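Novice: This is the structure I want to talk about, given as structure tokens.
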Amino acid sequence: MIRFDEVTKVYDRRSRPALGGVTAEIQRGEFVFLVGASGSGKSTFIRLVLREERASSGTVYVAGRNVARLPSWRVPRLRQGIGVVFQDFRLLPNKTVYANVAFAMQVLGRGRAQIHQAVPEVLRTVGLDGKEKRMPHELSGGEQQRVAIARAIVNRPDILLADEPTGNLDPDTSHGIMDVLDRVNQNGTTVVMATHDHDIVNQMRRRVIQLEGGLIVRDQPEGSYRTASTEQVA
Ligand SMILES: Nc1ncnc2c1ncn2[C@@H]1O[C@H](COP(=O)(O)OP(=O)(O)OP(=O)(O)O)[C@@H](O)[C@H]1O
């Protein structure tokens, strides 16, 4: 579903590459944690998948396509297949929960009937039944993140990218969000989540790709946040 082949990303020639020759393959339906210290390259990885940035060398494939080769008119279609969730929710503050989610369908030109069916369904999936008319400021952080996830998945993307989705949430609320992401993954969506959250990675036991200074230093199925050798130090 996502393949990085010797991918290097240089933002600034005077400093070390943000990614330095990364090779990795993420299969359809996988759930992958990207871990690593601040500045290790996690967000760069995500931006390359979305073609918000282009690789300086090497190739990024999404659903079999070399994203660097896509003509610019095809980039919106690439992004339609990818839902994105951020640490800071990024909801439209003057729109209701329903309208925030519906908006993601309206921009794709979906009809009213389709929207009326899909939005309540997806709000049920994320556990927000009955909150359709609330405004974002009337919701807790966890609820706002659920709206953001609903918006990201309402168009049924193949891939969900989540950059620190629990970064602003307390541990209990974070676990609720992970239940939602797990459910999304079980429905067939490939999930890639960048995180610093040790507890969540250690509890979920999914594949862990660890970056350090732009290099993959660990790629472990059912991994923990740290390798066994460093776990005692933590
Ligand atoms: N637009 C940019 N211009 C120049 N350098 C950048 C840019 N974006 C990222 N970098 C540099 O690239 C490196 C990797 O950054 P990146 O944001 O990918 O790390 P990260 O692992 O996501 O960090 P964090 O956990 O803090 O979000 C860092 O050294 C960063 O300073």
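Residues in the structure tokens are named by chain (A, B, ... in the order shown) and by number from 1 within that chain; ligands are numbered from 1 in the order shown.
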As number ranges by chain, please: every residue in segment 10-110 of chain A that DSSP puts in helix (DSSP H, G or I).
Specialist: A: 42-49, 67-69, 72-80, 97-106
Novice: Would you save the residues from that selection as a CSV table (one decimal), in the first residue's frame, using C-alpha atoms?
Specialist:
```csv
chain,number,residue,atom,x,y,z
A,42,LYS,CA,8.2,11.0,11.3
A,43,SER,CA,6.2,13.9,10.0
A,44,THR,CA,8.5,14.0,6.9
A,45,PHE,CA,7.5,10.4,6.2
A,46,ILE,CA,3.8,11.4,6.4
A,47,ARG,CA,4.3,14.4,4.2
A,48,LEU,CA,6.0,12.4,1.6
A,49,VAL,CA,3.1,9.9,1.4
A,67,VAL,CA,3.8,9.7,-6.2
A,68,ALA,CA,6.6,12.0,-7.5
A,69,ARG,CA,5.5,11.1,-11.1
A,72,SER,CA,-0.4,17.9,-10.3
A,73,TRP,CA,-4.0,17.4,-11.4
A,74,ARG,CA,-3.9,13.8,-10.0
A,75,VAL,CA,-2.6,14.8,-6.5
A,76,PRO,CA,-6.1,15.7,-5.1
A,77,ARG,CA,-7.2,12.2,-6.1
A,78,LEU,CA,-4.2,10.7,-4.3
A,79,ARG,CA,-5.2,12.7,-1.2
A,80,GLN,CA,-8.8,11.6,-1.4
A,97,VAL,CA,-20.1,18.3,14.3
A,98,TYR,CA,-22.4,17.2,11.5
A,99,ALA,CA,-21.3,20.0,9.2
A,100,ASN,CA,-17.6,19.4,9.9
A,101,VAL,CA,-17.9,15.8,8.7
A,102,ALA,CA,-20.4,16.6,5.9
A,103,PHE,CA,-18.0,19.3,4.6
A,104,ALA,CA,-15.4,16.6,3.7
A,105,MET,CA,-18.0,15.0,1.4
A,106,GLN,CA,-19.3,18.3,0.0
```
Novice: Set the cut-off to 6 Å, count only C-alpha atoms and all ligand atoms, and list whatever residues fall near ligand 1 as a PyMOL selection string.
Specialist: chain A and resi 11-12+18+37-44
Novice: Which residues in segment 16-214 of chain A does DSSP call strand (DSSP E)? List them as a JSON list (two decimals) with C-alpha atoms, in the first residue's frame.
Specialist:
```
[["chain", "number", "residue", "atom", "x", "y", "z"],
["A", 19, "LEU", "CA", 15.26, 11.04, 5.96],
["A", 20, "GLY", "CA", 18.44, 9.33, 4.83],
["A", 21, "GLY", "CA", 17.75, 6.41, 2.53],
["A", 22, "VAL", "CA", 14.65, 4.86, 4.07],
["A", 23, "THR", "CA", 13.31, 1.59, 2.69],
["A", 24, "ALA", "CA", 10.08, 0.16, 4.08],
["A", 25, "GLU", "CA", 6.90, -1.44, 2.87],
["A", 26, "ILE", "CA", 3.51, -1.20, 4.56],
["A", 31, "PHE", "CA", -1.46, -0.90, 11.55],
["A", 32, "VAL", "CA", 1.97, 0.69, 11.96],
["A", 33, "PHE", "CA", 3.38, 2.95, 14.66],
["A", 34, "LEU", "CA", 6.13, 5.38, 13.63],
["A", 35, "VAL", "CA", 8.16, 6.21, 16.71],
["A", 57, "SER", "CA", 16.12, 10.88, -4.07],
["A", 58, "GLY", "CA", 14.53, 7.45, -3.99],
["A", 59, "THR", "CA", 10.89, 6.63, -4.66],
["A", 60, "VAL", "CA", 7.66, 6.74, -2.67],
["A", 61, "TYR", "CA", 4.87, 4.48, -3.94],
["A", 62, "VAL", "CA", 1.28, 4.74, -2.73],
["A", 65, "ARG", "CA", 2.00, 4.58, -7.95],
["A", 66, "ASN", "CA", 5.19, 6.59, -7.82],
["A", 82, "ILE", "CA", -5.78, 9.14, 2.38],
["A", 83, "GLY", "CA", -7.42, 10.39, 5.58],
["A", 84, "VAL", "CA", -5.30, 12.52, 7.90],
["A", 85, "VAL", "CA", -5.64, 13.24, 11.62],
["A", 86, "PHE", "CA", -3.47, 15.69, 13.56],
["A", 159, "ILE", "CA", -5.04, 4.83, 4.25],
["A", 160, "LEU", "CA", -5.37, 6.79, 7.50],
["A", 161, "LEU", "CA", -2.33, 8.82, 8.57],
["A", 162, "ALA", "CA", -2.36, 10.03, 12.16],
["A", 163, "ASP", "CA", 0.32, 12.43, 13.38],
["A", 190, "THR", "CA", -4.28, 0.85, 6.55],
["A", 191, "VAL", "CA", -3.31, 2.98, 9.57],
["A", 192, "VAL", "CA", 0.04, 4.70, 10.07],
["A", 193, "MET", "CA", 0.36, 6.59, 13.34],
["A", 194, "ALA", "CA", 3.31, 8.74, 14.42],
["A", 207, "ARG", "CA", 4.27, -3.16, 14.05],
["A", 208, "VAL", "CA", 6.72, -0.48, 15.19],
["A", 209, "ILE", "CA", 9.02, 1.42, 12.83],
["A", 210, "GLN", "CA", 11.53, 3.44, 14.82],
["A", 211, "LEU", "CA", 13.33, 6.37, 13.21],
["A", 212, "GLU", "CA", 16.49, 7.95, 14.52]]
```
